[in-house]
Every structure is written in structure tokens, then in C-alpha cells.
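These notes are about the structure you will find just below.
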Amino acid sequence: MAGGRPTSRPRREGPAKKTGWKITAGVGVVVVLTGSCIAGALNGDDDLAVSPPTVTERADTVPILQQAAAAQGICYGWTLQAGADVVSAGSNLGEGVVVEGDPRCPRWVRVVADVTYVPETSESNDYAYVTVEGSADLDQSRLLAVDAGLERFGLTEDAFLDEPGWAVTRAAVSLALLLAEAGAAV
């Protein structure tokens with residue numbers, strides 16, 4: 001066929017082009033999956049984080065604890081935990097300073113709140129475990145009475161789950177009154 005159109009032959013891709021395309025597609029999938037995992041890790045667990053006391057709550061709590069410590073000769077403090085991680089701690093000695101083991105505090109009492117949130121997909125429930133601890137010279141039965149007295153101030157498990165930072169600082173400032181009522185403060 002003269003003057004006609006040349007016959008087109010089907011293009012054949014070599015093995016290198018087929019392999020290159022597969023590698024590019026594979027890398028693309030890995031990048032997308034990795035990005036999704038990172039985004040999920042950064043955004044997915046925010047609602048499971050335990051909220052510490054605000055700057056104002058901590059700043060308001062320390063002077064109240066200082067006054068109670070000066071009046072009663074007992075150091076007062078708080079520790080807020082999420083499992084083994086300490087979210088916030090403080091005392092009459094200052095924000096971030098714990099009373100237990102401090103030589104300035106031979107007598108001490110602190111509230112310890114351990115708050116755990118679980119994913120919605122879990123069958124377990126969120127929980128808050130709150131306890132009052134004190135130095136060895138304080139009667140444990142009186143510390144149990146202080147612990148039980150926190151509920152009078154609305155410091156229930158629900159309060160610690162709803163606003164853990166607020167609840168732990170309010171519990172800390174309640175310790176002096178409850179300890180005096182229990183007859184453990186001099």
C-alpha cells in the first residue's frame with residue numbers, strides 16, 4: 001500500500017517499565033498509609049489525655065496550701081496521674097514540688113488521683129482512683145476518713161473524670177480541713 005498510512009504496531013513495554021510502575025505505585029501506597037497512621041496517632045488519642053490543672057488553678061492552690069501548712073505544721077500536696085505518668089504535681093512548696101520524701105516535710109498529706117480514659121471501642125469504662133496518702137506518723141484510719149470526706153465537697157469519681165485538673169487541686173485544698181476534722185492535725 002503505497003501512500004497509505006503506516007500500520008501501527010502495538011507498543012510493547014519492556015520489563016523495566018513494568019517494574020518501575022509497580023515500584024512507584026508501591027511507594028505511593030506506603031506514603032499514603034504512613035501519613036494516615038501518623039495523622040491518626042496525632043489526632044485520635046486527644047480525648048484520652050488527662051487534663052492537668054490550669055495555670056490559674058495551680059497558682060491559686062499553692063498559696064492556700066502554704067497557709068494550711070504554716071498553720072498546721074503539715075505539708076499538703078497533690079499528684080495527678082494517667083497510669084504511671086505524672087500529669088501534674090504540686091504542694092505548699094510550689095508547683096511541681098512533691099511533699100513525699102522532701103526533708104522540709106517530715107509530716108505530709110497528699111491526694112493522688114489516677115485517671116484513665118479508655119477508647120470508645122473498648123468494653124472497659126473510664127475510671128478515676130483517688131486516694132489520700134500521708135507520712136508514716138499519721139494514723140491510716142484518719143487518712144481513710146479524710147479520703148471519704150472528699151465526696152462532701154463534690155469530689156467524686158465523676159468529678160475527677162470530668163475535670164481531673166480542677167478536682168485534684170480542689171481535693172488538695174480540702175485536705176487541711178478534713179485532716180483537722182479527723183483529729184489528725186495539731
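Ordering of the C-alpha cells sets the chain letters (A, B, ...); residue numbers start at 1 within each chain; ligands are numbered from 1 in the order shown.
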Within 8 Å of region 52-76 of chain A, which residues of region 85-171 of chain A come that close, and what is the closest atom pair and distance in Å for each? Count only C-alpha atoms and give it as a tab-separated table.
residue	atom	partner	partner_atom	distance
A:Val87	CA	A:Pro52	CA	6.0
A:Ser88	CA	A:Pro52	CA	5.9
A:Gly90	CA	A:Val62	CA	7.5
A:Ser91	CA	A:Tyr76	CA	5.5
A:Asn92	CA	A:Gln66	CA	4.4
A:Leu93	CA	A:Gln66	CA	7.2
A:Gly94	CA	A:Val62	CA	6.0
A:Glu95	CA	A:Arg58	CA	6.8
A:Val99	CA	A:Cys75	CA	6.4
A:Cys105	CA	A:Cys75	CA	5.7
A:Pro106	CA	A:Ile74	CA	7.9
A:Arg107	CA	A:Ile74	CA	5.1
A:Trp108	CA	A:Cys75	CA	4.4
A:Val109	CA	A:Tyr76	CA	5.1
A:Arg110	CA	A:Tyr76	CA	5.5
A:Pro164	CA	A:Pro52	CA	6.7
A:Gly165	CA	A:Pro53	CA	3.6
A:Trp166	CA	A:Pro53	CA	5.5
A:Val168	CA	A:Pro53	CA	7.7
A:Thr169	CA	A:Thr61	CA	6.3
A:Arg170	CA	A:Thr61	CA	7.8
Selection export as an mmCIF file, in the first residue's frame, atoms kept: N, CA, C and O atoms:
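Below is the file part04.cif, written as the result:
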data_model
loop_
_atom_site.group_PDB
_atom_site.id
_atom_site.type_symbol
_atom_site.label_atom_id
_atom_site.label_comp_id
_atom_site.auth_asym_id
_atom_site.auth_seq_id
_atom_site.Cartn_x
_atom_site.Cartn_y
_atom_site.Cartn_z
ATOM 1 N N VAL A 87 0.920 13.616 85.470
ATOM 2 C CA VAL A 87 0.396 14.709 84.651
ATOM 3 C C VAL A 87 0.654 16.043 85.333
ATOM 4 O O VAL A 87 0.990 17.032 84.692
ATOM 5 N N SER A 88 0.503 16.074 86.657
ATOM 6 C CA SER A 88 0.708 17.297 87.426
ATOM 7 C C SER A 88 0.994 16.926 88.873
ATOM 8 O O SER A 88 0.451 15.956 89.397
ATOM 9 N N GLY A 90 2.196 19.071 92.773
ATOM 10 C CA GLY A 90 2.495 20.326 93.435
ATOM 11 C C GLY A 90 2.192 20.222 94.905
ATOM 12 O O GLY A 90 1.664 19.210 95.381
ATOM 13 N N SER A 91 2.522 21.284 95.614
ATOM 14 C CA SER A 91 2.326 21.279 97.058
ATOM 15 C C SER A 91 2.462 22.696 97.593
ATOM 16 O O SER A 91 2.636 23.644 96.827
ATOM 17 N N ASN A 92 2.445 22.788 98.922
ATOM 18 C CA ASN A 92 2.695 24.077 99.552
ATOM 19 C C ASN A 92 4.122 24.558 99.268
ATOM 20 O O ASN A 92 4.428 25.735 99.411
ATOM 21 N N LEU A 93 4.991 23.674 98.814
ATOM 22 C CA LEU A 93 6.363 24.035 98.466
ATOM 23 C C LEU A 93 6.464 24.609 97.057
ATOM 24 O O LEU A 93 7.499 25.128 96.671
ATOM 25 N N GLY A 94 5.385 24.489 96.283
ATOM 26 C CA GLY A 94 5.367 25.056 94.939
ATOM 27 C C GLY A 94 4.850 24.084 93.900
ATOM 28 O O GLY A 94 4.703 22.883 94.149
ATOM 29 N N GLU A 95 4.597 24.634 92.737
ATOM 30 C CA GLU A 95 4.140 23.835 91.604
ATOM 31 C C GLU A 95 5.280 22.924 91.147
ATOM 32 O O GLU A 95 6.423 23.352 91.021
ATOM 33 N N VAL A 99 5.651 16.562 98.139
ATOM 34 C CA VAL A 99 5.939 16.583 99.576
ATOM 35 C C VAL A 99 6.588 15.295 100.063
ATOM 36 O O VAL A 99 7.409 15.313 100.975
ATOM 37 N N CYS A 105 9.501 18.466 104.734
ATOM 38 C CA CYS A 105 8.157 17.986 105.058
ATOM 39 C C CYS A 105 8.209 16.652 105.804
ATOM 40 O O CYS A 105 7.887 15.594 105.242
ATOM 41 N N PRO A 106 8.575 16.670 107.079
ATOM 42 C CA PRO A 106 8.563 15.399 107.815
ATOM 43 C C PRO A 106 7.140 14.859 107.989
ATOM 44 O O PRO A 106 6.941 13.650 108.028
ATOM 45 N N ARG A 107 6.172 15.767 108.085
ATOM 46 C CA ARG A 107 4.757 15.371 108.146
ATOM 47 C C ARG A 107 4.096 15.886 106.877
ATOM 48 O O ARG A 107 4.199 17.067 106.551
ATOM 49 N N TRP A 108 3.423 15.010 106.182
ATOM 50 C CA TRP A 108 2.809 15.421 104.922
ATOM 51 C C TRP A 108 1.566 14.603 104.621
ATOM 52 O O TRP A 108 1.396 13.485 105.105
ATOM 53 N N VAL A 109 0.695 15.196 103.801
ATOM 54 C CA VAL A 109 -0.505 14.539 103.290
ATOM 55 C C VAL A 109 -0.668 15.002 101.847
ATOM 56 O O VAL A 109 -0.449 16.178 101.538
ATOM 57 N N ARG A 110 -1.038 14.083 100.994
ATOM 58 C CA ARG A 110 -1.290 14.450 99.592
ATOM 59 C C ARG A 110 -2.440 13.621 99.043
ATOM 60 O O ARG A 110 -2.704 12.513 99.506
ATOM 61 N N PRO A 164 -10.318 16.500 85.724
ATOM 62 C CA PRO A 164 -9.305 15.983 86.642
ATOM 63 C C PRO A 164 -8.390 17.049 87.241
ATOM 64 O O PRO A 164 -8.055 16.987 88.418
ATOM 65 N N GLY A 165 -7.996 18.034 86.457
ATOM 66 C CA GLY A 165 -7.115 19.086 86.969
ATOM 67 C C GLY A 165 -7.776 19.909 88.060
ATOM 68 O O GLY A 165 -7.188 20.180 89.109
ATOM 69 N N TRP A 166 -9.005 20.311 87.813
ATOM 70 C CA TRP A 166 -9.759 21.071 88.798
ATOM 71 C C TRP A 166 -9.970 20.229 90.051
ATOM 72 O O TRP A 166 -9.753 20.699 91.177
ATOM 73 N N VAL A 168 -8.372 17.616 91.329
ATOM 74 C CA VAL A 168 -7.217 17.279 92.169
ATOM 75 C C VAL A 168 -6.732 18.489 92.968
ATOM 76 O O VAL A 168 -6.322 18.352 94.125
ATOM 77 N N THR A 169 -6.815 19.689 92.398
ATOM 78 C CA THR A 169 -6.395 20.871 93.171
ATOM 79 C C THR A 169 -7.431 21.212 94.236
ATOM 80 O O THR A 169 -7.065 21.627 95.335
ATOM 81 N N ARG A 170 -8.725 21.015 93.953
ATOM 82 C CA ARG A 170 -9.753 21.247 94.971
ATOM 83 C C ARG A 170 -9.613 20.233 96.089
ATOM 84 O O ARG A 170 -9.793 20.557 97.268
#
- prompt: Ala171 (chain A): which residues within 12 Å, counting only C-alpha atoms, same-chain residues fewer than 3 positions away excluded, as a PyMOL selection string?
  reply: chain A and resi 53+57+61+64-65+76-80+91+109-113+130-132+146-157+159-160+164-168+174-179
